[in-house]
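Asks: Mind looking over this structure? Questions follow.
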Amino acid sequence: MSFSTSRAGGIAIIAGSPDCQAIIDALAGHLQNAPKSQLDPGEDLSDRQIGNVGESIAFLAVRSGSTPVPSTASLHSTGPSDPLSPVAKHGLDLLWLVLDPEDRDADCAWVQEVKTTCSQQSATYISSVRDDYDKLFGTKPSLTLNARLIELGFKLREMGLPELAERAEALVADSPVSADRVFAAPTGVHDRAADGLSVMQRVEAHLIAQGWPPTRLSPILIQVSELKARLDSLLLTP
Amino acid sequence: MSSLSLSLEQAENGAFAIARGLEGGDSPSLGLLTNFALTALSQSATAQDSAVVSDEWEHQNTRTIDSSARIFAAASIRLSREQREEPELLVASTLAFAIEGNSAAAALLGRQALELLALDSPLRVVLGVGCPFLAEAEADNWSEPSTKELLQSASRFCKNAVDAEELQQRALEWGRRSPFEGRGLYLSYVLRSIKTLDSLHFSRALETLPQKLRLLLLRNLERTGRYFALPAQASALTSPGFLDPSKSALVSLPTGAGKTVVGLIALASRLWNSDGLGAYVAPYLALRTQTMSTARELLKGIVAVSLSSDAQLSSEGTRLLVGTPESFDWRVRFNPETAERIRALVVDEGHTIGRDRRGMLADGFLTRMAHLRLGQRRPQLVLLSAVLDEPGKLMDWLDTGSGSVEVVSTWTPGQRRIAFWDKDGRIVWVRTRGRVGQQRGFSLVANEMVPPTHNPLPWANPLNPRGKRADAADENAALLAVELFSRRRAATLVIVGTRRRAKSIALLMAAGLPDSEINSERAELSRRVSDSFPGWAVLARPLLKGVCFHSAALPLELRTLLEQGIRDGIIAIACATTSLAEGADLPFGRCILADWTLPTGPGVARTFPSSLWRNIAGRCGRPSSHIEGETIVIEHTAPNVFRNDTERRRELGAMLGGFVRLETLLEDQSTVGTEAADVMISQSLAAIQENPGADDIHRELIGLSLSGRENPEGAARLAAEVERQLLDGDLPLATRNSPLALTSLGQAFLRCPVQPSTARALLSFLERPPEATTGADYCAELLVACAEVTELSRSKLPSLADGRRVHFLPVRLADLSNVAKLWLAGADPISILQSLLMQRGELGATAARKFQAWAGGKIENAALQERYEALLDFLRDCFVEFLPRALAGVQLLLPVTGSSTPGSVDLPELTDTLLGRARDWDSAHDEWSTAMQDR
């Protein structure tokens, strides 16, 4: 078990178990299984790569069953598959689908947008995750939740799965209020020395004000002490 | 659509209100609307793939896509006003319009989006120039197999293989090197766009035509930038039997949905492999000119096209004639062989048949051609009409025995927004409920305020157009136009009932606009008008700020120049009488209706018929220049016409949402013995000549006419009246010795280019001993003798003949001979005005200098301007329109009556001189005379 969970109000706080290094070890295993891009020797981690690595950590946390996102959900985004890619990936960070085998009306989606910061002084950067959620119902068509779901449907059809496509498209909605089968899991990955909790509380308040009901909002904080140093030692050491 | 919390109507209203910054209504956020549109679009597209097609479903689906496109566009407009450009919204809108098949709107927005997109933006590939819809095929490298299929499919829509190849390469190259956000979204759009466009491509719509004709038409359509039919056009062209040369057809489409092209293709299909003639009947001169130009482009290499008034058809190999009902009537009277060669007649604005004097003439002419002509080959009729609420009646009339096809589409290329400005200064935006073609009501969309200058409002009184209220009403109308223009810039047309109001409001609008509106193009146009059109310097000042007035009083060349100015965007606001309300295709985005009642007699006025209202509303938001048009009606016009506000609002509602039905002149009992009889006597004379063996052809003509079928009682009375005037009296026009035959007087009346009642007045004139010794005196005598005839009833001559003075008109009865002398000598209207004023001693030294300065365009002078315009009207009514016809009639009647003319007057020469001057004035006036010469 690499992750442990505690709660602060509605926010799930994930830490390494038995210690922070457990998370980095789990990440190392993940990288061995699906390595695509590599760092050049001597090259520093870019912000974009740190973001991609954070997504992979969030992915592993979900799969471990430590987060409110069901661990059996199927992932429909490519973010965690290539954490060291220098390219920002298009689409949602983590889009999870939970398709009920008995009742199609119980199908739901989890949208997990992830922000990662290695700063030990401040975790304010995490607050920008709220912009990602605002865009889901914003004025740029291709960034909206609906566009993502429609695109997913299209992709599933291409894969010869028209029924799944239909079920994914059935989740579209025009506002956080009417998206009654879509859950938001804004996630921050940060250094334990910084105060991520107060930042995430502000994010939570903002999203509730935008119409996300608390019952469909599950903020997650993943805390790792000495995050930057641990990543450097994992990724940059030849 | 169950997951959406907004209804289509709420969403559309919200988008409209948000885009315009209006108050009230359910105003959701832009993000909410965008999501709504996106979801609605995708659900609709998914549904379309799997749905069982039914009318209701199709209607709902079309509305959904249409609404989505408009919501994206509205959101984009709003953001751009806030300096937040979102090209992606424009792209989304473009593609949604493409999915709907509205290629005009898609092309318009696509061009705007291209301007906003960065040169390296992937969306540029989506909108690729020359093939907007290759789009999307945007060739992302995500799903290879379907991408290839898409490209193959899309390449068929490119102008040529080279374009297709180039775009394909660009798209693929781009797809290889960069990722693209939202590619799935756009790819799904593309699939829909391509499917729609494939079905709308003209090559599909014309599949049933003979191969060679189809290829020629496709070539011409492509040369004029027409690759895809609009959905309404496609539904007409693919209707079973529509392109069958043996069938008649009724095509009922909304304004701007492309009726003319459909009508011309129908003609081409009926003339192919035949040696006959085709006729395109346009009810107005403006429409005739427009159609002529479209026909020449579209039918190039297929048939030669000429104006029906042009002479010598055979030598030029002309196969298609374009003209007004009058010009066709004259051609057939003088050249009966033309009628025998006509195989197909397309009649534009078919719902106007029988409606008024002109419609009655068209009714008689078409009935003669398609229903009488016993034992001869009769042509097929294709009627093009705006949406009628009872097309069945026209269908019954159309069926000449070989079957007929009905095509009705309510698809419109642009949304019509409607509002009225109430007496509290509130613009109340409303939307119609229910589908077009059904009885409608209204629901409130939003409000906005434009407080009037005069409050409480004194409004225009059409029954007293020169009253104090009129000035205040003009100020209010000008204020509304300027205020809305400053809030949301859009070329604006203000429609008024009189020329005086048009000019007054235009001047007020120009005064209300800031000097920043002046630019070099406007200054140049203003200078050109002052230099080239003496007497119209009054236009120079408003033109500086992009404002003009427009009415039939302006010389044709000046009108053409102003219309070009509107097309080029130099003129932004025009105030016009109904001269611009009928058939003009100009890029207006907004129309303000400052008058909506017409005086019908002393103290009486009536509301515009719904059909006229729809025609006016159709002037703004034309496809290819706008995706929407807004029409605002000034509610409190005509205070004396309605008893109270409730009645006014009810009448307004009836006009805006009323039932458009067939109306004929016979419904008005009073016209049966006068106007209707006059027209039908003339038509009966022609019918008797064309059907030599018939006994009661005049009764048959009236009974088979559309007006007669619609109103059998009126028709019976009309037939009795026509028979009385044809057969009874000392000078009968026909004899009933079985069969009916024309007397020599009837033969003369047949070719006389005036109404039969006027021809009788000419007979009376010829009975008197001639007194005139000069041509000018003869003209003056003839005018006085004919002062009461129908053709001059709207002129000022009857008042002059009664010895009354006419306000502003510088002509007295005693001046007639002098005016005729000057006119025959070739004097221009300004010289005639100067001569009249000098003769009256009104031009002293100072006044003469003023006159010169005014005539030279140096100064404005309201009094001189009014006199000049009154003189122009008088000259046009009497000397251009009437006298040449009357003199031609006199020449025809002289041999029959045995009367004589003064020896010193050379009638043929006098007629030629007058005709020459009439042609100089307006070339459209020669239709009847060329028909006569061609004979």
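Labeling convention for the structure tokens: chains A, B, ... as they appear, residues from 1 per chain, ligands from 1 in order of appearance.
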Could you please tell me, as a PyMOL selection string, which residues of chain A have an atom within 9 Å of chain B when using only C-alpha atoms?

Replies: chain A and resi 89-91+134-148+150-155+158+169-175+178-179

Asks: Grab the residues selected above and save them as a CSV table (one decimal), in the first residue's frame with N, CA, C and O atoms.

Replies:
```csv
chain,number,residue,atom,x,y,z
A,89,LYS,N,-0.4,17.7,-23.2
A,89,LYS,CA,-1.4,16.9,-23.9
A,89,LYS,C,-2.7,17.6,-24.0
A,89,LYS,O,-3.1,18.3,-23.1
A,90,HIS,N,-3.4,17.3,-25.1
A,90,HIS,CA,-4.7,17.9,-25.3
A,90,HIS,C,-5.7,17.2,-24.5
A,90,HIS,O,-5.6,16.0,-24.3
A,91,GLY,N,-6.7,17.8,-24.1
A,91,GLY,CA,-7.8,17.1,-23.4
A,91,GLY,C,-7.7,17.3,-21.9
A,91,GLY,O,-6.9,18.0,-21.4
A,134,ASP,N,-13.7,25.9,-14.9
A,134,ASP,CA,-14.5,26.9,-15.5
A,134,ASP,C,-14.6,26.7,-17.0
A,134,ASP,O,-15.6,26.9,-17.6
A,135,LYS,N,-13.5,26.3,-17.6
A,135,LYS,CA,-13.5,26.1,-19.0
A,135,LYS,C,-14.4,25.0,-19.5
A,135,LYS,O,-14.9,25.0,-20.6
A,136,LEU,N,-14.7,24.1,-18.6
A,136,LEU,CA,-15.6,23.0,-19.0
A,136,LEU,C,-17.0,23.5,-19.4
A,136,LEU,O,-17.7,22.9,-20.1
A,137,PHE,N,-17.3,24.7,-18.9
A,137,PHE,CA,-18.6,25.3,-19.2
A,137,PHE,C,-18.4,26.7,-19.7
A,137,PHE,O,-19.1,27.6,-19.4
A,138,GLY,N,-17.3,26.9,-20.4
A,138,GLY,CA,-16.9,28.2,-20.9
A,138,GLY,C,-17.3,28.5,-22.3
A,138,GLY,O,-18.1,27.7,-22.9
A,139,THR,N,-16.7,29.5,-22.9
A,139,THR,CA,-17.1,29.9,-24.3
A,139,THR,C,-16.2,29.3,-25.4
A,139,THR,O,-16.4,29.6,-26.5
A,140,LYS,N,-15.2,28.6,-25.0
A,140,LYS,CA,-14.3,28.0,-26.1
A,140,LYS,C,-14.8,26.6,-26.3
A,140,LYS,O,-14.5,25.7,-25.5
A,141,PRO,N,-15.5,26.4,-27.4
A,141,PRO,CA,-16.2,25.1,-27.6
A,141,PRO,C,-15.3,23.9,-27.4
A,141,PRO,O,-15.7,22.9,-26.8
A,142,SER,N,-14.1,24.0,-27.9
A,142,SER,CA,-13.3,22.7,-27.9
A,142,SER,C,-12.8,22.4,-26.5
A,142,SER,O,-12.3,21.3,-26.3
A,143,LEU,N,-12.9,23.3,-25.6
A,143,LEU,CA,-12.4,23.0,-24.2
A,143,LEU,C,-13.5,22.6,-23.3
A,143,LEU,O,-13.3,22.4,-22.1
A,144,THR,N,-14.7,22.6,-23.7
A,144,THR,CA,-15.8,22.3,-22.8
A,144,THR,C,-15.9,20.8,-22.6
A,144,THR,O,-15.5,20.0,-23.3
A,145,LEU,N,-16.6,20.5,-21.5
A,145,LEU,CA,-16.8,19.1,-21.1
A,145,LEU,C,-17.6,18.4,-22.2
A,145,LEU,O,-17.2,17.3,-22.6
A,146,ASN,N,-18.5,19.1,-22.8
A,146,ASN,CA,-19.3,18.4,-23.8
A,146,ASN,C,-18.4,18.1,-25.0
A,146,ASN,O,-18.6,17.0,-25.6
A,147,ALA,N,-17.5,19.0,-25.4
A,147,ALA,CA,-16.6,18.7,-26.5
A,147,ALA,C,-15.8,17.5,-26.2
A,147,ALA,O,-15.6,16.6,-27.0
A,148,ARG,N,-15.3,17.4,-24.9
A,148,ARG,CA,-14.5,16.2,-24.5
A,148,ARG,C,-15.3,14.9,-24.6
A,148,ARG,O,-14.8,13.9,-25.1
A,150,ILE,N,-18.0,14.4,-26.4
A,150,ILE,CA,-18.4,14.1,-27.8
A,150,ILE,C,-17.1,13.5,-28.5
A,150,ILE,O,-17.2,12.6,-29.3
A,151,GLU,N,-16.0,14.1,-28.2
A,151,GLU,CA,-14.8,13.6,-28.8
A,151,GLU,C,-14.5,12.2,-28.4
A,151,GLU,O,-14.1,11.3,-29.2
A,152,LEU,N,-14.8,11.9,-27.1
A,152,LEU,CA,-14.6,10.6,-26.6
A,152,LEU,C,-15.5,9.6,-27.3
A,152,LEU,O,-15.1,8.5,-27.8
A,153,GLY,N,-16.8,10.1,-27.5
A,153,GLY,CA,-17.7,9.2,-28.2
A,153,GLY,C,-17.3,8.9,-29.6
A,153,GLY,O,-17.3,7.8,-30.1
A,154,PHE,N,-16.7,9.9,-30.2
A,154,PHE,CA,-16.2,9.8,-31.6
A,154,PHE,C,-15.1,8.7,-31.6
A,154,PHE,O,-15.1,7.8,-32.5
A,155,LYS,N,-14.2,8.8,-30.7
A,155,LYS,CA,-13.1,7.9,-30.6
A,155,LYS,C,-13.6,6.5,-30.3
A,155,LYS,O,-13.1,5.5,-31.0
A,158,GLU,N,-14.8,5.1,-33.4
A,158,GLU,CA,-13.7,4.7,-34.3
A,158,GLU,C,-13.2,3.3,-33.9
A,158,GLU,O,-12.7,2.5,-34.7
A,169,GLU,N,-21.7,9.9,-24.5
A,169,GLU,CA,-22.3,11.1,-24.9
A,169,GLU,C,-23.6,11.4,-24.1
A,169,GLU,O,-24.0,12.6,-24.1
A,170,ALA,N,-24.1,10.4,-23.5
A,170,ALA,CA,-25.4,10.6,-22.7
A,170,ALA,C,-25.0,11.5,-21.4
A,170,ALA,O,-25.9,12.0,-20.8
A,171,LEU,N,-23.8,11.7,-21.1
A,171,LEU,CA,-23.4,12.4,-19.9
A,171,LEU,C,-23.3,13.9,-20.2
A,171,LEU,O,-23.0,14.6,-19.2
A,172,VAL,N,-23.5,14.3,-21.4
A,172,VAL,CA,-23.3,15.8,-21.7
A,172,VAL,C,-24.3,16.6,-20.9
A,172,VAL,O,-25.4,16.2,-20.6
A,173,ALA,N,-23.9,17.8,-20.6
A,173,ALA,CA,-24.7,18.7,-19.9
A,173,ALA,C,-24.3,20.2,-20.1
A,173,ALA,O,-23.2,20.4,-20.6
A,174,ASP,N,-25.2,21.1,-19.9
A,174,ASP,CA,-24.8,22.5,-20.2
A,174,ASP,C,-24.4,23.3,-19.0
A,174,ASP,O,-24.1,24.5,-19.2
A,175,SER,N,-24.3,22.7,-17.8
A,175,SER,CA,-23.9,23.5,-16.7
A,175,SER,C,-23.5,22.6,-15.6
A,175,SER,O,-23.9,21.4,-15.6
A,178,SER,N,-26.7,21.0,-14.1
A,178,SER,CA,-27.4,20.0,-14.8
A,178,SER,C,-26.5,18.7,-15.1
A,178,SER,O,-27.0,17.7,-15.5
A,179,ALA,N,-25.2,18.8,-14.8
A,179,ALA,CA,-24.3,17.7,-15.1
A,179,ALA,C,-24.4,16.7,-13.9
A,179,ALA,O,-23.5,16.5,-13.1
```

Asks: What residues in stretch 458-557 of chain B get the DSSP label strand (DSSP E or B)? Please answer as an MDAnalysis selection string.

Replies: chainID B and resid 492:495 547:550

Asks: Okay, now the selection with N, CA, C and O atoms, as a short mmCIF file (atom, residue, chain, number, x, y, z; two decimals), in the first residue's frame?

Replies:
```cif
data_model
loop_
_atom_site.label_atom_id
_atom_site.label_comp_id
_atom_site.auth_asym_id
_atom_site.auth_seq_id
_atom_site.Cartn_x
_atom_site.Cartn_y
_atom_site.Cartn_z
N THR B 492 -28.70 50.50 -42.18
CA THR B 492 -30.10 50.64 -41.75
C THR B 492 -30.96 51.21 -42.86
O THR B 492 -30.55 52.15 -43.55
N LEU B 493 -32.14 50.63 -43.01
CA LEU B 493 -33.12 51.15 -43.96
C LEU B 493 -34.33 51.64 -43.17
O LEU B 493 -34.90 50.89 -42.38
N VAL B 494 -34.69 52.91 -43.35
CA VAL B 494 -35.88 53.44 -42.69
C VAL B 494 -36.96 53.58 -43.76
O VAL B 494 -36.76 54.27 -44.76
N ILE B 495 -38.07 52.88 -43.56
CA ILE B 495 -39.15 52.93 -44.57
C ILE B 495 -40.23 53.91 -44.11
O ILE B 495 -40.71 53.84 -42.97
N VAL B 547 -25.49 59.01 -45.12
CA VAL B 547 -26.94 58.92 -45.04
C VAL B 547 -27.53 59.38 -46.38
O VAL B 547 -26.99 60.29 -47.02
N CYS B 548 -28.61 58.75 -46.83
CA CYS B 548 -29.27 59.25 -48.03
C CYS B 548 -30.78 59.04 -47.93
O CYS B 548 -31.24 58.31 -47.06
N PHE B 549 -31.52 59.70 -48.79
CA PHE B 549 -32.93 59.34 -48.96
C PHE B 549 -33.10 58.79 -50.36
O PHE B 549 -32.25 59.02 -51.23
N HIS B 550 -34.16 58.04 -50.55
CA HIS B 550 -34.31 57.32 -51.82
C HIS B 550 -35.80 57.23 -52.12
O HIS B 550 -36.58 56.84 -51.26
#
```

Asks: Return the single residue from B:Ile634, B:Met369, B:Ala113, B:Leu556 that is closest to B:Leu479, with distances computed using only C-alpha atoms.

Replies: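 Of B:Ile634, B:Met369, B:Ala113, B:Leu556, the one nearest B:Leu479 is B:Ile634, counting only C-alpha atoms.
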
Asks: Pick the closest to B:Leu361 from B:Ser269, B:Ser327, B:Ser900, B:Thr773: which is it, counting only C-alpha atoms?

Replies: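 That would be B:Ser327, the residue with the smallest distance to B:Leu361.
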
Asks: Just to confirm, what's the straight-line distance from atom CA of B:Ala888 to atom CA of B:Pro753 in Å (one decimal)?

Replies: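 Atom CA of B:Pro753 lies 7.2 Å from atom CA of B:Ala888.
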
Asks: State, in Å with one decimal place, the distance from atom CA of B:Ala105 to atom CA of B:His201.

Replies: 16.0 Å

Asks: So, counting only C-alpha atoms, which residue among A:Asp93, A:Asp82, A:Asp25, A:Asp100 is closest to A:Val114?

Replies: A:Asp93
